[in-house]
Amino acid sequence: MPVYNLLQALNDALRTAMRKNDRVVILGEDVGKLGGVFRVTKDLQAEFGADRVIDTPLAEGGIIGTAIGMALYGLRPIAEIQFSDFIYPAFDQIVNELAKYRYRSGGQYECPVIIRTPSGGGIKGGLYHSQSPEAYFIHTPGLKVLMPSNPYDAKGLLLSALDQNDPVIFFEPKRIYRSAKGEVPESEYSVPIGKAEVVKQGKDVTLISYGAMMTESREAVEKALEEEVQVELIDLKSLVPLDVETVIGSVQKTGKVVIVNEAPRTCGFAAELVALINEKAFLYLEAPPVRVTGFDTPFPYTLEHVYLPSVDRILKAIRQTAHF
Amino acid sequence: MTLKSEAAALNGKPVQVLKEDGSVIDKRLEPSLSSEDLKKLYYTMVLTRMMDERFFKMQRQGRIGFYLSSTGEEAAHIGSAFSAEKEDWLFLQYREPGAALIRGFSLFHFACQILGNSGDLTKGKQMPCHYAYKKGHLLSISSPVGTQIPQAVGFAWGAKIRNEKSAALAYFGDGATSTGDFHVGMNFAGVFKVPVVFICKNNQLAISLPVQKQTAVSNIALKAQAYGIEGVRVDGNDLLAVIQATRQALQKARSGEGATLIEALTYRMGAHSTSDDPRLYGDEMTLEEWKKKDCILRFQKYLEFKGIWNPDYEKEIQTQAGEEISKAVEEAEKLPPPSYDTLFEDVYSEIPPQLEEERKGVSHAGL
Ligand SMILES: Cc1ncc(C[n+]2csc(CCOP(=O)(O)OP(=O)(O)O)c2C)c(N)n1
């Protein structure tokens, strides 16, 4: 089995999908000849032609607006938004149109657009190349929201997204595009949407995370073990739909929970998870749930390492919870 | 003869086929239409205007919540919709009820949608006049103005990519031309030579705002030039000019020559909606001027020349249309609202577990 990084796994997934189904088209800024600014769509235009791997004008609203039309026509468009920081010009098309098309037509139409977009910080991108805007979309009924943390899941989730008929926002943790490596089957396979994974079993504390923050979380969990705290680590992968069972099952077992995400704290997805845990596992809790998140500031440039949850911050939260 | 050359010669004045007295200006531009077609068109125009009256009244009586009329603009949307082929698809704004009728959307389903009842094909999910009817190739109407424009472009582009012959018609008002989506749609259509026809019904108003304050350009069709596509300005109250322009634009689209922007000059003779009060901004003089140019009147005179229309015929079809509306409303009003279960349907292809839990909560509450 080849070892791929996240970029290669995504590229492989796209190629696999396009070979299998000639209705799959890719559109976005610089996705064609260049293969995307991160090269996720590398060499695809050469193989599938400029009609199926389309360099669009610079207009996110146009990319999503036309992708909606293509999906309504019966194509399977995969739109790339170059950085998730630039998704806002398309916000109306995503939130008011794409997310609601099935609903507002009483199920007469469906609109299976996949929007791939690199998100998250840690690449010295400053305000506008670092944001984690997933909460806006999680808050919008009608969208599915996915975020893999490793190459295997990236390919499997993307292929799953193409195998169902709802719109998907597929966040790619760009900080680990190259550093996350792993074995990826060459064949087609799927990673189910709506299923979280217990990456590591533990009995003392549950740690929930997703995307790039799985890297820091994993390290913190290892360090906690040295201090004899056994942490159960969960990778959500699918934020909508959420695998409530796995989350609640684990918290009921450990009675303690730390949630890590890099988006700003207020109304971030961690807040929703805390609410859910309080509703469903309140009587099992032995300590207050703890959030480790970005701060309620715009994403900084020079001090991004302070902004982003670090292994130390996560470890501190684990200790605080474990010894409550 | 193409409208393009005609329009160029007119230098900004809209293309006309019919004079205001209903006589044909230039035989070469007169579209070929059977007498059956002519009757269908006239009936649909009359029916659409009578629906406006009836539903407006029903709103005042408290029987429905809201309505958007198209009085004065019937030719612009009915003529263009009529010109579309079966395999074409329509992206409506919200003020084109006659276009929906032309595409086979029944008055009964129309009434059910306005009532939001269990007979509504969209299950009571949207406010009145926001229908969707896939069988008739009507896409789903939404309130955010202009969003349908790039969607229509993407749709038609899909047909082009698949080498299939469908075209898309995107309808919008003069107000919509100020949105980013208008710009984006026109630009993409130009770059990718998409088989789409943009139909801007310039009814001079966007709620209260006159078109002169919407754009500093006096001729919306001119905007097409900036995107490398063709713009044609027609008299939108001239049914035959609208038909001719749409037919030519669609033919062009299908032969791979790309998009056209048709500006149909017309006038919103009624309020923006049942919630609007045009007395606060309206202009009686302008309204009186436009009433003389009424699209139904003009087409009626043409039909009179053709020996199709006479006062008895008018009486006959008005009776027929009135009865048709009454019957549809009567049948629709018998139906109950949609079941509460439908609230949770169609958000996703299947109800996800968390939503299922919310659904169960409602049924436990014994609604
Ligand atoms: C994006 C957006 N902004 C504002 C509104 C409120 N609104 C509804 S209709 C309308 C005017 C639209 O004018 P125009 O496009 O000319 O169409 P018309 O109503 O005249 O047919 C406005 C401002 C809206 N629906 N969508």
# chains A, B, ... in the order shown; residues from 1 in each chain; ligands from 1
>>> interface_residues(of="chain B", to="chain A", cutoff="6 Å", atoms="only C-alpha atoms", output="ChimeraX atom specification")
/B:122-123,125,132,140,150-155,158,184,346-348
>>> residues_near_ligand(ligand="ligand 1", cutoff="6 Å", atoms="only C-alpha atoms and all ligand atoms", output="list in words")
Arg95, Ser143, Pro144, Val145, Phe172, Gly173, Asp174, Gly175, Ala176, Asn203, Leu205, Ala206 and Ile207 of chain B
>>> closest_residue(among="A:Gly125, A:Arg291, A:Glu232, A:Asn278", to="Val258 (chain A)", atoms="only C-alpha atoms")
A:Arg291
>>> select_by_dssp(residues="region 157-281 of chain A", states="alpha helix (DSSP H)", output="number ranges by chain")
A: 157-161, 213-226, 244-254, 269-281
>>> closest_residue(among="A:Met214, A:Cys111, A:Ala287, A:Val184", to="Pro2 (chain A)", atoms="only C-alpha atoms")
A:Val184
